[in-house]
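*Asks:* First the structure, which I've put down as structure tokens, then a few questions once you've had a look.
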Amino acid sequence: MTNTELIEKINKLKKEKNAIILAHCYQNPEIDFVADYVGDSLGLSRLASKTDAEIIVFAGVYFMAETAKILSPDKKVLLPNKNSGCNMADMINLKQVKEFKEKYPDVPLVCYVNSSAEVKAQCDICCTSANAVNVVKSLGLKKVLFAPDCYLGSWVQKNLPDVEVISYPGFCPTHLRIIPDEIVKMKIMYKDAKILVHPECHQEVVKLADFVGSTTQIMQYCESTNHKQYIIATEKGVIDRLKRDFPEKEFILASSKLICHNMKWNTLDDILNSLLYDQFEVTVEEEIRQKALNSIQRMIELK
């Protein structure tokens, strides 16, 4: 079946089943032709909580679909490919997060949304890469725990020098593939280009950036500025969409290694099968869901 035929079948089927398709911007760009919304994980989950659709197909990785289920317990949430996991989220489980907290009793835990429901249930407040600094600042404390990404934790520490940020040693393997030397070479090759870096990158890479932000913030920066060239240090899916949406500008991927293979698992075939057979449904135990929901809602209330 061709992509055109798959797209037609999917778009017809989602109307018949009152389904909505959410796609993360790291997905393969052909997914956008069937997606109702494309964005970052939390933004998509917020949309999921407001939709009247009965079924949510989340073209992303497992923790994203799980977050959508936490926010939308009465909806059926489907992950098109059950292999779509997250290496960073897998670096901390329930036992490990409890051990981390036990080492620092009475110190609140800030949890990156890139984590499992059971980990979110153990934290005091969630954050995203876009709002991590503001979330920690809002606590008004001198010491916090941060999990699972130590590099996002380092970014928070850099921006809030009066706060001691104790980070769990997790990381994003994709963003760590970019090394400072590659950015330096890029700066020489493209002297007028602006360098845009995700805060999950190593801090030595972050130091070389003209702008540091989440995937959505990077895309917004490119849209709102008039530079001719941009060097993008985040997952390739972002640059695929930027090239498509802003053909008058030049976007250069900082490294050919910036590909998250877990994010590329979902295909149009998977989405079609997900709608046809209600596979693969994501569930969260109610006790865990309620605790995780509290930490997410506390973040959302900060605006």
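Ordering of the structure tokens sets the chain letters (A, B, ...), residue numbers begin anew at 1 in every chain, and ligands are numbered from 1 in the order given.
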Please identify the strand (DSSP E or B) residues within stretch 198-273 of chain A (assignment by DSSP from backbone atoms) and present them as a list in words.

*Replies:*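 Put together, the selection reads Phe211, Val212, Gln229, Tyr230, Ile231, Ile232, Ala233, Glu250, Phe251, Ile252 and Leu253 of chain A.
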
*Asks:* Find the spatial neighbours of stretch 162-166 of chain A, counting only C-alpha atoms, within a cut-off of 8 Å - ignore same-chain residues fewer than 6 positions away - and output them as a short mmCIF file (atom, residue, chain, number, x, y, z; two decimals) with N, CA and C atoms, in the first residue's frame.

*Replies:*
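The file below, result12.cif, is the result:
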```
data_model
loop_
_atom_site.label_atom_id
_atom_site.label_comp_id
_atom_site.auth_asym_id
_atom_site.auth_seq_id
_atom_site.Cartn_x
_atom_site.Cartn_y
_atom_site.Cartn_z
N LEU A 141 13.29 27.33 46.97
CA LEU A 141 14.13 26.54 47.88
C LEU A 141 15.60 26.66 47.52
N LYS A 142 16.45 26.27 48.44
CA LYS A 142 17.89 26.32 48.22
C LYS A 142 18.44 25.00 47.72
N LYS A 143 17.63 23.94 47.79
CA LYS A 143 18.12 22.63 47.36
C LYS A 143 16.96 21.82 46.78
N VAL A 144 17.18 21.21 45.63
CA VAL A 144 16.17 20.33 45.03
C VAL A 144 16.85 19.11 44.41
N LEU A 145 16.10 18.04 44.29
CA LEU A 145 16.53 16.88 43.53
C LEU A 145 15.94 17.01 42.12
N PHE A 146 16.68 16.47 41.15
CA PHE A 146 16.22 16.56 39.76
C PHE A 146 16.46 15.23 39.07
N GLY A 153 19.33 19.11 34.35
CA GLY A 153 19.59 19.57 35.71
C GLY A 153 20.74 20.56 35.76
N SER A 154 21.78 20.33 34.97
CA SER A 154 22.93 21.25 34.91
C SER A 154 22.51 22.60 34.32
N VAL A 156 19.53 23.93 34.59
CA VAL A 156 18.79 24.60 35.66
C VAL A 156 19.77 25.20 36.66
#
```

*Asks:* Using Å and a single decimal, report how far atom CA of A:Gly170 sits from atom CA of A:Arg241.

*Replies:*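 Distance between the two atoms: 28.0 Å.
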
*Asks:* Need the shell around A:Ser84: protein/DNA/RNA residues with any atom at most 8 Å away, counting only C-alpha atoms. Skip same-chain ones fewer than 2 positions apart. Format as a PDB file with N, CA, C and O atoms, in the first residue's frame?

*Replies:*
```pdb
ATOM      1  N   GLY A  60       4.494   8.739  19.228  1.00  0.00           N
ATOM      2  CA  GLY A  60       5.630   9.226  20.000  1.00  0.00           C
ATOM      3  C   GLY A  60       6.263   8.039  20.682  1.00  0.00           C
ATOM      4  O   GLY A  60       6.338   6.951  20.101  1.00  0.00           O
ATOM      5  N   VAL A  61       6.705   8.213  21.914  1.00  0.00           N
ATOM      6  CA  VAL A  61       7.250   7.101  22.690  1.00  0.00           C
ATOM      7  C   VAL A  61       6.364   6.844  23.902  1.00  0.00           C
ATOM      8  O   VAL A  61       5.475   7.634  24.225  1.00  0.00           O
ATOM      9  N   TYR A  62       6.644   5.750  24.599  1.00  0.00           N
ATOM     10  CA  TYR A  62       5.713   5.237  25.598  1.00  0.00           C
ATOM     11  C   TYR A  62       5.369   6.241  26.689  1.00  0.00           C
ATOM     12  O   TYR A  62       4.190   6.409  27.042  1.00  0.00           O
ATOM     13  N   ASN A  81       3.314   1.690  17.942  1.00  0.00           N
ATOM     14  CA  ASN A  81       4.356   0.662  17.953  1.00  0.00           C
ATOM     15  C   ASN A  81       4.826   0.464  19.395  1.00  0.00           C
ATOM     16  O   ASN A  81       5.366   1.373  20.010  1.00  0.00           O
ATOM     17  N   LYS A  82       4.621  -0.728  19.919  1.00  0.00           N
ATOM     18  CA  LYS A  82       4.912  -0.978  21.334  1.00  0.00           C
ATOM     19  C   LYS A  82       6.408  -0.952  21.651  1.00  0.00           C
ATOM     20  O   LYS A  82       6.798  -0.924  22.817  1.00  0.00           O
ATOM     21  N   CYS A  86      11.867   4.979  25.546  1.00  0.00           N
ATOM     22  CA  CYS A  86      12.773   6.119  25.718  1.00  0.00           C
ATOM     23  C   CYS A  86      13.934   5.679  26.597  1.00  0.00           C
ATOM     24  O   CYS A  86      13.729   5.268  27.740  1.00  0.00           O
ATOM     25  N   ASN A 262      14.244   5.331  18.535  1.00  0.00           N
ATOM     26  CA  ASN A 262      12.976   4.979  19.177  1.00  0.00           C
ATOM     27  C   ASN A 262      11.829   5.834  18.647  1.00  0.00           C
ATOM     28  O   ASN A 262      10.704   5.363  18.490  1.00  0.00           O
ATOM     29  N   MET A 263      12.136   7.101  18.358  1.00  0.00           N
ATOM     30  CA  MET A 263      11.115   8.010  17.834  1.00  0.00           C
ATOM     31  C   MET A 263      10.731   7.683  16.399  1.00  0.00           C
ATOM     32  O   MET A 263       9.692   8.136  15.918  1.00  0.00           O
ATOM     33  N   TRP A 265      10.259   4.603  15.226  1.00  0.00           N
ATOM     34  CA  TRP A 265       9.611   3.303  15.104  1.00  0.00           C
ATOM     35  C   TRP A 265       8.229   3.406  14.471  1.00  0.00           C
ATOM     36  O   TRP A 265       7.822   2.573  13.663  1.00  0.00           O
ATOM     37  N   ASN A 266       7.456   4.418  14.885  1.00  0.00           N
ATOM     38  CA  ASN A 266       6.078   4.517  14.402  1.00  0.00           C
ATOM     39  C   ASN A 266       6.023   4.800  12.903  1.00  0.00           C
ATOM     40  O   ASN A 266       6.695   5.704  12.416  1.00  0.00           O
TER      41      ASN A 266
END
```

*Asks:* For A:Pro169, which residue out of A:Leu253, A:Ala147, A:Ile21, A:Leu6 is the nearest one, using only C-alpha atoms?

*Replies:*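 That would be A:Ala147, the residue with the smallest distance to A:Pro169.
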
*Asks:* Assign secondary structure with DSSP using the backbone only, and return the residues of stretch 128-273 of chain A in alpha helix (DSSP H) as a PyMOL selection string.

*Replies:* chain A and resi 132-139+150-159+180-189+203-206+215-224+236-245+268-273

*Asks:* Which is closest to A:Cys127 among A:Asn114, A:Thr267, A:Thr234, A:Ser274, if we use only C-alpha atoms?

*Replies:*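 Looking at the shortest contact to A:Cys127, the residue is A:Asn114.
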
*Asks:* Using only C-alpha atoms, which residues sit within 12 Å of A:Gly43 once same-chain residues fewer than 3 positions away are excluded, as a list in words?

*Replies:*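 Everything that qualifies: Leu22, Ala23, His24, Cys25, Tyr37, Val38, Gly39, Asp40, Arg46, Leu47, Ala48, Ser49, Lys50, Met64, Thr67, Ala68, Leu71, Val113, Cys127, Thr128, Ser129, Ala130, Ser214, Thr215, Thr216, Gln217 and Ile300 of chain A.
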
*Asks:* Which residues, written as an MDAnalysis selection string, have at least one atom at most 9 Å from A:Glu54, with only C-alpha atoms counted and residues fewer than 6 positions away on the same chain left out?

*Replies:* chainID A and resid 17:20 74:77

*Asks:* Let's have the selection written as a short mmCIF file (atom, residue, chain, number, x, y, z; two decimals), in the first residue's frame, with N, CA and C atoms.

*Replies:*
```cif
data_model
loop_
_atom_site.label_atom_id
_atom_site.label_comp_id
_atom_site.auth_asym_id
_atom_site.auth_seq_id
_atom_site.Cartn_x
_atom_site.Cartn_y
_atom_site.Cartn_z
N LYS A 17 -14.09 6.42 13.85
CA LYS A 17 -13.91 5.93 15.23
C LYS A 17 -13.81 7.07 16.24
N ASN A 18 -14.00 8.31 15.79
CA ASN A 18 -13.86 9.48 16.67
C ASN A 18 -12.51 9.44 17.38
N ALA A 19 -11.47 9.35 16.57
CA ALA A 19 -10.10 9.27 17.09
C ALA A 19 -9.33 10.53 16.72
N ILE A 20 -8.32 10.82 17.52
CA ILE A 20 -7.42 11.93 17.26
C ILE A 20 -5.99 11.38 17.23
N ASP A 74 -10.35 8.71 30.90
CA ASP A 74 -11.56 8.14 30.32
C ASP A 74 -11.44 7.88 28.83
N LYS A 75 -10.31 8.25 28.25
CA LYS A 75 -10.10 8.03 26.82
C LYS A 75 -9.22 6.80 26.60
N LYS A 76 -9.41 6.16 25.46
CA LYS A 76 -8.53 5.04 25.09
C LYS A 76 -7.29 5.63 24.42
N VAL A 77 -6.13 5.33 24.98
CA VAL A 77 -4.87 5.84 24.45
C VAL A 77 -4.10 4.68 23.81
#
```

*Asks:* Determine the nearest neighbour of A:Lys9 from the options A:Tyr112, A:Lys185, A:Leu272, A:His202, counting only C-alpha atoms.

*Replies:*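 Checking each of A:Tyr112, A:Lys185, A:Leu272, A:His202 against A:Lys9, counting only C-alpha atoms, the winner is A:Leu272.
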
*Asks:* Calculate how many Å separate atom CA of A:Met186 from atom CA of A:Ile231, rounding to one decimal.

*Replies:*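 We find that atom CA of A:Met186 and atom CA of A:Ile231 lie 7.7 Å from each other.
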